[in-house]
Structures are given as structure tokens and as C-alpha cells.
$ cat run.tsv   # TSV, C-alpha atoms
chain	number	residue	atom	x	y	z
A	6	MET	CA	-47.78	141.36	-23.02
A	7	GLY	CA	-48.25	138.95	-20.11
A	8	ALA	CA	-50.77	136.14	-20.33
A	9	ARG	CA	-51.29	133.88	-23.30
A	10	VAL	CA	-54.92	133.49	-24.23
A	11	ILE	CA	-55.76	129.91	-25.18
A	12	THR	CA	-59.18	129.07	-26.56
A	13	VAL	CA	-60.45	125.49	-26.40
A	14	THR	CA	-62.91	124.65	-29.15
A	15	SER	CA	-64.12	121.73	-31.29
A	16	GLY	CA	-67.06	122.47	-33.55
A	17	LYS	CA	-68.93	119.36	-32.48
A	18	GLY	CA	-70.43	119.23	-29.01
A	19	GLY	CA	-69.75	116.52	-26.47
A	20	VAL	CA	-66.13	115.78	-27.36
A	21	GLY	CA	-64.76	116.98	-24.02
A	22	LYS	CA	-64.01	120.69	-24.48
A	23	THR	CA	-65.11	121.73	-21.00
A	24	THR	CA	-63.37	118.79	-19.37
A	25	ALA	CA	-60.20	119.63	-21.30
A	26	THR	CA	-60.41	123.31	-20.33
A	27	ALA	CA	-60.90	122.45	-16.65
A	28	ASN	CA	-58.11	119.89	-16.59
A	29	ILE	CA	-55.57	121.96	-18.47
A	30	SER	CA	-56.37	124.95	-16.23
A	31	VAL	CA	-55.84	122.86	-13.10
A	32	ALA	CA	-52.65	121.33	-14.52
A	33	LEU	CA	-51.25	124.78	-15.37
A	34	ALA	CA	-52.08	126.00	-11.85
A	35	GLN	CA	-50.27	122.95	-10.45
A	36	LEU	CA	-47.21	124.04	-12.42
A	37	GLY	CA	-47.34	127.31	-10.50
A	38	LYS	CA	-48.87	129.36	-13.32
A	39	LYS	CA	-51.47	132.04	-12.63
A	40	VAL	CA	-54.55	130.98	-14.57
A	41	VAL	CA	-58.02	132.36	-15.35
A	42	ALA	CA	-60.54	130.03	-16.96
A	43	ILE	CA	-63.42	131.78	-18.73
A	44	ASP	CA	-66.63	129.94	-19.59
A	45	ALA	CA	-67.78	131.46	-22.89
A	46	ASP	CA	-70.69	129.04	-23.28
A	47	ILE	CA	-73.37	131.58	-22.35
A	48	GLY	CA	-76.67	129.90	-21.50
A	49	LEU	CA	-75.10	126.45	-21.09
A	50	ARG	CA	-72.78	127.07	-18.15
A	51	ASN	CA	-70.73	123.99	-17.21
A	52	LEU	CA	-67.10	124.81	-16.51
A	53	ASP	CA	-68.17	125.71	-12.93
A	54	VAL	CA	-69.50	122.20	-12.14
A	55	ILE	CA	-66.50	120.46	-13.68
A	56	LEU	CA	-64.19	122.62	-11.55
A	57	GLY	CA	-66.40	122.13	-8.46
A	58	LEU	CA	-67.14	125.85	-8.11
A	59	GLU	CA	-70.88	125.89	-8.88
A	60	ASN	CA	-71.89	126.93	-5.36
A	61	ARG	CA	-69.73	130.02	-5.28
A	62	ILE	CA	-71.05	131.99	-8.25
A	63	VAL	CA	-72.32	135.48	-7.50
A	64	TYR	CA	-71.58	137.35	-10.73
A	65	ASP	CA	-70.89	136.08	-14.24
A	66	LEU	CA	-69.38	137.09	-17.56
A	67	VAL	CA	-72.52	138.92	-18.74
A	68	ASP	CA	-72.68	140.89	-15.46
A	69	VAL	CA	-69.15	142.10	-16.22
A	70	VAL	CA	-69.97	142.98	-19.84
A	71	GLU	CA	-73.12	144.85	-18.81
A	72	GLY	CA	-71.38	146.71	-15.98
A	73	ARG	CA	-73.28	145.21	-13.04
A	74	CYS	CA	-70.03	144.26	-11.33
A	75	LYS	CA	-66.31	144.77	-11.56
A	76	LEU	CA	-64.31	142.11	-13.40
A	77	ARG	CA	-62.63	141.17	-10.12
A	78	GLN	CA	-66.01	140.43	-8.47
A	79	ALA	CA	-66.87	137.82	-11.10
A	80	MET	CA	-63.61	135.94	-10.60
A	81	ILE	CA	-63.95	132.90	-8.34
A	82	LYS	CA	-60.75	131.76	-6.68
A	83	HIS	CA	-60.33	127.97	-6.52
A	84	LYS	CA	-59.73	126.76	-2.96
A	85	ALA	CA	-57.55	123.79	-3.90
A	86	TYR	CA	-55.56	125.77	-6.48
A	87	PRO	CA	-55.12	129.35	-5.26
A	88	ASP	CA	-53.57	130.46	-8.56
A	89	LEU	CA	-56.67	129.39	-10.51
A	90	TYR	CA	-59.71	131.63	-11.05
A	91	LEU	CA	-62.98	131.01	-12.91
A	92	ILE	CA	-65.15	133.56	-14.67
A	93	PRO	CA	-68.44	131.70	-15.09
A	94	ALA	CA	-70.86	132.02	-17.99
A	95	ALA	CA	-74.36	133.45	-17.48
A	96	GLN	CA	-76.94	130.71	-17.36
A	97	THR	CA	-80.08	132.62	-18.27
A	98	ARG	CA	-78.86	134.63	-21.26
A	99	ASP	CA	-77.68	133.73	-24.75
A	100	LYS	CA	-74.53	134.22	-26.79
A	101	THR	CA	-75.61	137.60	-28.16
A	102	ALA	CA	-75.18	139.13	-24.68
A	103	VAL	CA	-71.40	139.15	-25.33
A	104	SER	CA	-69.51	140.38	-28.39
A	105	PRO	CA	-66.07	139.44	-29.71
A	106	SER	CA	-64.75	142.88	-28.72
A	107	ASP	CA	-66.08	142.41	-25.14
A	108	MET	CA	-63.98	139.25	-24.95
A	109	VAL	CA	-60.92	141.09	-26.22
A	110	ASP	CA	-61.48	143.87	-23.62
A	111	ILE	CA	-61.87	141.43	-20.72
A	112	THR	CA	-58.78	139.42	-21.59
A	113	GLN	CA	-56.84	142.66	-22.09
A	114	GLN	CA	-57.59	143.63	-18.48
A	115	LEU	CA	-56.33	140.25	-17.24
A	116	ARG	CA	-53.19	139.84	-19.32
A	117	ASP	CA	-50.80	141.72	-17.04
A	118	GLU	CA	-51.70	139.76	-13.95
A	119	PHE	CA	-51.87	136.19	-15.26
A	120	ASP	CA	-49.78	133.66	-17.18
A	121	PHE	CA	-52.61	131.87	-18.96
A	122	ILE	CA	-56.20	132.75	-19.81
A	123	LEU	CA	-58.17	129.71	-20.99
A	124	ILE	CA	-61.47	130.18	-22.77
A	125	ASP	CA	-63.98	127.35	-23.01
A	126	SER	CA	-65.79	127.82	-26.32
A	127	PRO	CA	-69.34	126.68	-26.95
A	128	ALA	CA	-69.98	124.07	-29.66
A	129	GLY	CA	-70.89	125.34	-33.10
A	130	ILE	CA	-69.42	127.88	-35.47
A	131	GLU	CA	-71.61	130.90	-34.73
A	132	ARG	CA	-71.46	133.88	-32.39
A	133	GLY	CA	-70.31	131.96	-29.31
A	134	PHE	CA	-67.40	130.45	-31.23
A	135	ARG	CA	-66.42	133.86	-32.63
A	136	ASN	CA	-66.57	135.36	-29.12
A	137	ALA	CA	-64.31	132.65	-27.77
A	138	VAL	CA	-61.77	132.87	-30.58
A	139	ALA	CA	-61.56	136.68	-30.88
A	140	PRO	CA	-58.95	137.21	-28.13
A	141	ALA	CA	-57.05	133.93	-28.71
A	142	ASP	CA	-53.27	133.78	-29.10
A	143	ASP	CA	-53.52	130.00	-29.46
A	144	VAL	CA	-56.42	127.69	-30.21
A	145	LEU	CA	-56.71	124.10	-29.05
A	146	ILE	CA	-59.05	121.96	-31.11
A	147	VAL	CA	-60.47	118.99	-29.23
A	148	THR	CA	-61.56	115.99	-31.26
A	149	ASN	CA	-62.42	112.33	-30.70
A	150	PRO	CA	-61.06	109.62	-33.01
A	151	GLU	CA	-64.40	109.31	-34.75
A	152	VAL	CA	-65.61	110.52	-38.17
A	153	SER	CA	-68.07	113.27	-37.21
A	154	SER	CA	-65.86	115.05	-34.70
A	155	VAL	CA	-62.81	114.87	-37.00
A	156	ARG	CA	-64.86	116.30	-39.84
A	157	ASP	CA	-66.09	119.16	-37.61
A	158	ALA	CA	-62.53	119.77	-36.37
A	159	ASP	CA	-61.45	120.19	-39.99
A	160	ARG	CA	-64.18	122.76	-40.54
A	161	ILE	CA	-63.07	124.66	-37.42
A	162	ILE	CA	-59.45	124.63	-38.63
A	163	GLY	CA	-60.63	126.10	-41.95
A	164	LEU	CA	-62.53	128.87	-40.13
A	165	LEU	CA	-59.53	129.62	-37.90
A	166	GLU	CA	-57.28	129.90	-40.94
A	167	ALA	CA	-59.76	132.29	-42.55
A	168	GLU	CA	-59.66	134.45	-39.39
A	169	GLU	CA	-55.87	134.20	-39.24
A	170	LYS	CA	-56.10	132.47	-35.87
A	171	GLY	CA	-55.15	129.10	-37.26
A	172	PRO	CA	-54.39	126.40	-37.80
A	173	GLY	CA	-54.49	125.69	-34.04
A	174	LYS	CA	-53.19	122.70	-32.13
A	175	LEU	CA	-54.90	119.36	-31.80
A	176	VAL	CA	-56.05	117.48	-28.69
A	177	ILE	CA	-57.27	113.96	-29.43
A	178	ASN	CA	-59.56	112.98	-26.58
A	179	ARG	CA	-61.12	109.65	-25.53
A	180	VAL	CA	-58.75	107.34	-27.35
A	181	LYS	CA	-59.62	103.69	-26.67
A	182	ILE	CA	-56.26	102.01	-26.80
A	183	GLY	CA	-57.59	98.49	-27.24
A	184	MET	CA	-59.76	99.48	-30.20
A	185	VAL	CA	-56.87	101.32	-31.87
A	186	ARG	CA	-54.74	98.18	-31.49
A	187	ARG	CA	-57.43	96.10	-33.13
A	188	GLY	CA	-57.64	98.54	-36.04
A	189	GLU	CA	-61.19	99.51	-35.08
A	190	MET	CA	-60.50	103.12	-34.05
A	191	LEU	CA	-58.61	105.90	-35.82
A	192	SER	CA	-55.14	106.14	-34.31
A	193	MET	CA	-53.31	109.29	-33.27
A	194	GLU	CA	-51.33	109.06	-36.55
A	195	ASP	CA	-54.51	108.66	-38.62
A	196	VAL	CA	-56.10	111.79	-37.13
A	197	VAL	CA	-52.92	113.85	-37.50
A	198	ASP	CA	-52.60	112.62	-41.11
A	199	ILE	CA	-56.13	113.69	-41.91
A	200	LEU	CA	-56.15	117.09	-40.18
A	201	ALA	CA	-52.48	117.93	-40.84
A	202	ILE	CA	-52.02	120.21	-37.82
A	203	LYS	CA	-49.68	120.06	-34.85
A	204	LEU	CA	-50.64	117.65	-32.08
A	205	ILE	CA	-50.45	118.91	-28.49
A	206	GLY	CA	-52.17	116.11	-26.58
A	207	VAL	CA	-53.57	112.60	-26.70
A	208	VAL	CA	-55.94	111.69	-23.89
A	209	PRO	CA	-56.99	108.09	-23.27
A	210	ASP	CA	-60.61	107.20	-22.63
A	211	ASP	CA	-60.56	106.82	-18.88
A	212	GLU	CA	-63.27	106.20	-16.28
A	213	SER	CA	-61.47	108.48	-13.86
A	214	VAL	CA	-62.60	111.48	-15.95
A	215	LEU	CA	-66.25	110.76	-15.20
A	216	LEU	CA	-65.52	110.03	-11.55
A	217	SER	CA	-63.70	113.31	-11.24
A	218	SER	CA	-66.47	115.32	-12.89
A	219	ASN	CA	-68.95	113.60	-10.58
A	220	ARG	CA	-66.92	114.96	-7.70
A	221	GLY	CA	-66.03	118.32	-9.25
A	222	GLU	CA	-62.33	117.55	-8.87
A	223	PRO	CA	-60.63	117.47	-12.31
A	224	ALA	CA	-58.60	114.35	-13.07
A	225	ALA	CA	-55.48	116.44	-13.62
A	226	GLY	CA	-55.27	116.62	-9.81
A	227	ASP	CA	-55.30	112.83	-9.53
A	228	LEU	CA	-51.79	111.42	-9.92
A	229	ASN	CA	-53.15	107.93	-10.63
A	230	SER	CA	-55.35	109.01	-13.52
A	231	LYS	CA	-54.00	108.27	-17.01
A	232	ALA	CA	-56.19	110.98	-18.52
A	233	GLY	CA	-55.01	113.32	-15.78
A	234	GLN	CA	-51.42	112.56	-16.78
A	235	ALA	CA	-52.26	113.34	-20.41
A	236	PHE	CA	-53.75	116.71	-19.40
A	237	ARG	CA	-50.72	117.49	-17.23
A	238	ASN	CA	-48.54	116.74	-20.26
A	239	ILE	CA	-50.55	119.22	-22.34
A	240	ALA	CA	-50.03	121.88	-19.66
A	241	ARG	CA	-46.29	121.25	-19.70
A	242	ARG	CA	-46.20	121.50	-23.51
A	243	LEU	CA	-48.11	124.79	-23.31
A	244	SER	CA	-45.47	125.99	-20.86
A	245	GLY	CA	-42.79	125.29	-23.43
A	246	GLU	CA	-41.54	121.90	-22.25
A	247	GLU	CA	-40.85	119.07	-24.69
A	248	VAL	CA	-42.85	116.11	-23.40
A	249	PRO	CA	-43.01	112.86	-25.38
A	250	PHE	CA	-46.48	111.58	-26.25
A	251	MET	CA	-47.87	108.63	-24.33
A	252	SER	CA	-48.01	105.55	-26.49
A	253	LEU	CA	-51.75	105.16	-26.93
A	254	ASP	CA	-51.67	104.20	-30.55
A	255	GLY	CA	-50.45	100.63	-30.20
A	256	SER	CA	-46.93	101.70	-31.09
A	257	GLU	CA	-45.46	99.97	-28.07
A	258	SER	CA	-42.02	98.47	-28.33
A	259	PHE	CA	-41.51	94.92	-29.53
A	260	PHE	CA	-40.43	94.01	-26.02
A	261	GLN	CA	-43.63	95.42	-24.48
A	262	ARG	CA	-45.71	93.50	-26.99
A	263	PHE	CA	-43.72	90.38	-26.30
A	264	VAL	CA	-44.32	90.68	-22.57
A	265	ARG	CA	-47.98	91.52	-23.04
A	266	PHE	CA	-48.49	88.66	-25.44
A	267	PHE	CA	-46.97	86.06	-23.18
A	268	SER	CA	-48.20	87.39	-19.86
A	269	GLY	CA	-51.68	88.08	-21.16
A	270	SER	CA	-51.63	91.42	-19.36
A	271	VAL	CA	-52.28	94.74	-21.00
A	272	SER	CA	-49.48	97.22	-20.68
A	273	GLY	CA	-50.82	100.67	-19.96
A	274	PRO	CA	-49.69	103.86	-21.63
A	275	GLY	CA	-46.51	105.40	-20.34
B	11	MET	CA	-49.90	81.90	-37.46
B	12	ASN	CA	-50.27	85.06	-39.49
B	13	GLN	CA	-52.56	86.50	-36.85
B	14	LEU	CA	-50.11	85.59	-34.13
B	15	LEU	CA	-47.33	87.27	-36.08
B	16	ASP	CA	-49.48	90.35	-36.60
B	17	ARG	CA	-50.16	90.60	-32.89
B	18	LEU	CA	-46.50	90.23	-32.03
B	19	MET	CA	-45.57	92.86	-34.58
B	20	GLY	CA	-48.27	95.13	-33.18
B	21	ARG	CA	-50.14	95.38	-36.41
B	22	GLY	CA	-53.80	96.21	-36.24
B	23	ASN	CA	-56.43	94.53	-38.31
B	24	ALA	CA	-55.68	95.74	-41.84
B	25	SER	CA	-59.32	95.49	-42.86
B	26	GLY	CA	-60.58	97.07	-39.61
B	27	SER	CA	-63.16	99.81	-39.59
B	28	ALA	CA	-60.53	102.44	-38.71
B	29	LYS	CA	-59.09	102.12	-42.21
B	30	ILE	CA	-62.54	102.61	-43.72
B	31	ALA	CA	-63.13	105.63	-41.45
B	32	LYS	CA	-59.88	107.21	-42.56
B	33	GLU	CA	-60.60	106.72	-46.27
B	34	ARG	CA	-64.14	108.05	-45.95
B	35	LEU	CA	-62.94	111.08	-44.00
B	36	GLN	CA	-60.20	111.88	-46.50
B	37	PHE	CA	-62.73	111.71	-49.31
B	38	VAL	CA	-65.39	113.85	-47.63
B	39	LEU	CA	-62.90	116.45	-46.41
B	40	VAL	CA	-61.54	117.12	-49.88
B	41	HIS	CA	-65.05	118.03	-51.02
B	42	ASP	CA	-65.84	119.94	-47.78
B	43	ARG	CA	-62.69	122.03	-47.97
B	44	LEU	CA	-63.10	122.97	-51.62
B	45	ASP	CA	-66.88	123.20	-51.53
B	46	LEU	CA	-66.77	121.04	-54.64
B	47	SER	CA	-69.17	118.10	-54.92
B	48	PRO	CA	-68.08	114.80	-56.50
B	49	GLU	CA	-70.38	115.56	-59.48
B	50	LYS	CA	-68.79	118.98	-60.03
B	51	LEU	CA	-65.34	117.42	-59.81
B	52	LYS	CA	-66.33	114.95	-62.52
B	53	GLU	CA	-67.53	117.82	-64.72
B	54	LEU	CA	-64.24	119.60	-64.12
B	55	LYS	CA	-62.30	116.51	-65.19
B	56	ASP	CA	-64.41	116.03	-68.31
B	57	GLU	CA	-63.91	119.66	-69.31
B	58	ILE	CA	-60.15	119.50	-68.76
B	59	LEU	CA	-59.96	116.43	-70.98
B	60	ALA	CA	-62.17	118.02	-73.63
B	61	VAL	CA	-59.93	121.10	-73.78
B	62	ILE	CA	-56.74	119.06	-74.04
B	63	SER	CA	-58.27	116.81	-76.70
B	64	LYS	CA	-58.80	119.87	-78.86
B	65	TYR	CA	-55.02	120.18	-79.22
B	66	VAL	CA	-53.55	116.72	-78.75
B	67	ALA	CA	-54.81	113.17	-78.72
B	68	ILE	CA	-54.97	111.62	-75.25
B	69	ASP	CA	-55.14	108.08	-73.99
B	70	ARG	CA	-58.41	108.32	-72.04
B	71	ASN	CA	-58.11	104.86	-70.53
B	72	ASN	CA	-55.05	105.84	-68.54
B	73	VAL	CA	-56.02	109.30	-67.39
B	74	GLU	CA	-55.72	110.01	-63.66
B	75	ILE	CA	-57.00	113.28	-62.25
B	76	SER	CA	-57.40	113.56	-58.51
B	77	ILE	CA	-57.19	115.95	-55.59
B	78	GLU	CA	-54.33	115.30	-53.25
B	79	GLN	CA	-53.86	116.64	-49.77
B	80	ARG	CA	-50.40	117.98	-48.98
B	81	LYS	CA	-50.34	119.24	-45.39
B	82	ARG	CA	-53.42	121.45	-45.32
B	83	ASP	CA	-53.24	122.39	-49.00
B	84	ASN	CA	-55.10	120.65	-51.78
B	85	TRP	CA	-53.57	119.99	-55.18
B	86	LEU	CA	-55.29	119.02	-58.37
B	87	VAL	CA	-52.98	116.40	-59.77
B	88	ALA	CA	-53.40	115.26	-63.36
B	89	ASP	CA	-51.64	112.42	-65.14
B	90	ILE	CA	-52.77	112.57	-68.73
B	91	PRO	CA	-50.95	110.34	-71.21
B	92	LEU	CA	-50.76	111.91	-74.67
B	93	THR	CA	-50.99	109.69	-77.74
B	94	PRO	CA	-48.47	110.54	-80.43
B	95	ASP	CA	-49.95	111.17	-83.88
B	96	ASP	CA	-48.19	108.25	-85.52
B	97	LYS	CA	-49.95	105.82	-83.15
B	98	LYS	CA	-53.33	107.24	-84.02
B	99	ASP	CA	-53.05	106.31	-87.67

$ encode --input "run.tsv" --output "C-alpha cells"
Amino acid sequence: MGARVITVTSGKGGVGKTTATANISVALAQLGKKVVAIDADIGLRNLDVILGLENRIVYDLVDVVEGRCKLRQAMIKHKAYPDLYLIPAAQTRDKTAVSPSDMVDITQQLRDEFDFILIDSPAGIERGFRNAVAPADDVLIVTNPEVSSVRDADRIIGLLEAEEKGPGKLVINRVKIGMVRRGEMLSMEDVVDILAIKLIGVVPDDESVLLSSNRGEPAAGDLNSKAGQAFRNIARRLSGEEVPFMSLDGSESFFQRFVRFFSGSVSGPG
Amino acid sequence: MNQLLDRLMGRGNASGSAKIAKERLQFVLVHDRLDLSPEKLKELKDEILAVISKYVAIDRNNVEISIEQRKRDNWLVADIPLTPDDKKD
């Protein structure tokens, strides 16, 4: 059956879905996987700018659906990662221009040739979400350790279960390690306790993510970026590797705490 | 000294806002998932107790009925102490 279709969604907007999609796509391509990233956020196109491909768009997803171009013509090959392609969203249309069965058809045509097809879902629980989820083999739910996005993630998990696509796997994004240590931010354990689904990634809040979206070069390509490391770990887990989670939750060893306490330095996540 | 010990043991602030966030989320999600408001849940409890009281005497002061989350399933858990007849007299 070829490629696995992985949809990245969240319910709430602004939690880092597009950034996660871009970074996981890049990280999978770095592992030598053949990857297509599809922007399903029709009307609010963004995966192209995060991947640095905004100047190369000729055709988009709606052009494919409406037969104005061949699927191949809408696929933009990434220069830095030759195994990574983007199918951009249309910018001037809305979600009704695409149907769930269109998404199934398109992914069906790509499955033989690729290892992974990532779909960046729009926020919300309406048509755009249903489009993005229709072809999914796996769903990644991105949340921040914060009440409104966790609540929305729970709603999404409920909807996925109702559609027999669930429960999905959890990505906790923008974890502020210092705040978790002080007991002022939900920890990785808290969020997993509440949502009760399998965790696939924990991404620290990291300035390098903004710097890399400014440049259009996802942090996953930056070996010094902690968030990039977290996204690379997610890609490895998706490829079937067992990768231990970074300790972002304050669960450092006694020795690490001892050293940190007496040296006054903050030990970073591993 | 306690604070110093807490920091060495890696314990967060036990009264920090994260704990409050977790409790509030757990409460709101039970009602979200079941589409059952706190008022409706109270009605449900009252009716359960009324039905049981028709058959046996219960110790209302020590009743505990709550919804518990186990993985992604919700369970209505009831602890209802029954009062033997001889104590009633």
C-alpha cells in the first residue's frame, strides 16, 4: 500500500500545526524518506512560507481537484531536500472547493511513489478538518500545555474516535521547561494524563523556531536547535524507531539537579 | 530549607497554577465528553438516590457519586452506604 498518510491537526489555531508539519516533513526527508506535504488549509495558505517555497507556486491543490493541471504539476520539489515535495493550498478559494473524497483520491495517486504523505489540517472541526482527516492512516494532534488547546485537543480526539480515525497520537508543542519546573505550566505527564492518548513528541518552546520560519528554513534542518531535535525525534518515531523522550518536564536526574543547583546553570534537555 | 529540599528533589511548586489548570481541565472535560452539565449531573445523582431510598435506607451524609476517567472512558462511580434497618429504629 506504500505511503502512510499522516494528518496533523489540533482543533485550536495557532498551536504550531503548520510548523510541526513542515518540520516533521523535513526531518523525514533527512532520514531518506520520500515525502509529500499537502497544505489542506484552503484560503489560508502557509505551509509554503514555512518551507521557504512560496516563490515557486504555479498550481495548487484546488487546480488539481478542478482539473486545471496534473497532480505532478502542482508538486513543488524542495531544493534543499530533493525527496520532499509540497502541494500548496489555494489562497483565493475556501474549504468547500475540496471534498473529503478528493483528498482520498489525491493521496491514493501518491501512495505508490512515496513513503509519507503529511497533511496540514486547518484549525476548526468543520469541512477543512474533515478533508484533512479523510485519507489519514495516522493523526497527530498538536497541543500546547495550556487549558484551551488541551480542551480543543480532547474534542478533536472525540471526533476522530467517532470517525474511527482515532484516538491519534499527541505532540505537545511549546513546552517552557522553566515554567514546568516551577509548577506553573502543565507538564508532559499532566497533558498525557488528561488526554489519555499515546505521546509521539514533546517540543520545547524555542526561539530558533521563529528564526527558522523567518528564513523559511525549518528548524529540523538546524542541528543546534532543540526544537529541531524534538521534530527529528518525532520523524524517527514515525519511522518505527524507539527514541526516548527529551526530559523537558523537570524529571532530570538527581545528579543533574545537584549540578544545576550548585553551578547555578540550567541544564538543557537531552 | 523546605524550598531548598524541594528544588533539590526537583519538585515543582505544589500550589502552582499548573495544578489548578489540570484540575479545571479534568472537570470541564468530563462534562464536555458526556455532554452533561454539572446541573444535570446533580439531578442524576438525586434521582439515583431517590430510587435507591425507595428500597433501602441510605446514609446520605456519606454518599459519593462521581465520574471517573479511566484511559479515555468515563465511569460513573457510586459509593452509597446503606443503613441497616436496626440502626434506623

$ closest_atom_pairs --input "run.tsv" --of "chain A" --to "chain B" --cutoff "6 Å" --atoms "all atoms listed in the file" --output "CSV"
residue,atom,partner,partner_atom,distance
A:Arg186,CA,B:Gly22,CA,5.2
A:Arg187,CA,B:Gly22,CA,4.8
A:Gly188,CA,B:Gly22,CA,4.5
A:Glu189,CA,B:Ala28,CA,4.7
A:Met190,CA,B:Ala28,CA,4.7
A:Leu191,CA,B:Ala28,CA,4.9
A:Ala201,CA,B:Lys81,CA,5.2

$ residues_near_point --input "run.tsv" --point "(-52.3, 122.2, -7.9)" --cutoff "6 Å" --atoms "only C-alpha atoms" --output "JSON, numbers by chain"
{"A": [34, 35, 86]}

$ residues_around --input "run.tsv" --residues "range 55-58 of chain B" --least-positions-apart "5" --cutoff "12 Å" --atoms "only C-alpha atoms" --output "ChimeraX atom specification"
/B:48-50,63-65,68,70,73-77,86-90

$ closest_residue --input "run.tsv" --among "A:Gly72, A:Ser15, A:Arg77, A:Ile182" --to "Leu164 in chain A" --atoms "only C-alpha atoms"
A:Ser15

$ atom_distance --input "run.tsv" --atom1 "CA of Val185 in chain A" --atom2 "CA of Pro150 in chain A"
9.4 Å

$ atom_distance --input "run.tsv" --atom1 "CA of Asp44 in chain A" --atom2 "CA of Ile92 in chain A"
6.3 Å

$ atom_distance --input "run.tsv" --atom1 "CA of Glu222 in chain A" --atom2 "CA of Ile55 in chain A"
7.0 Å
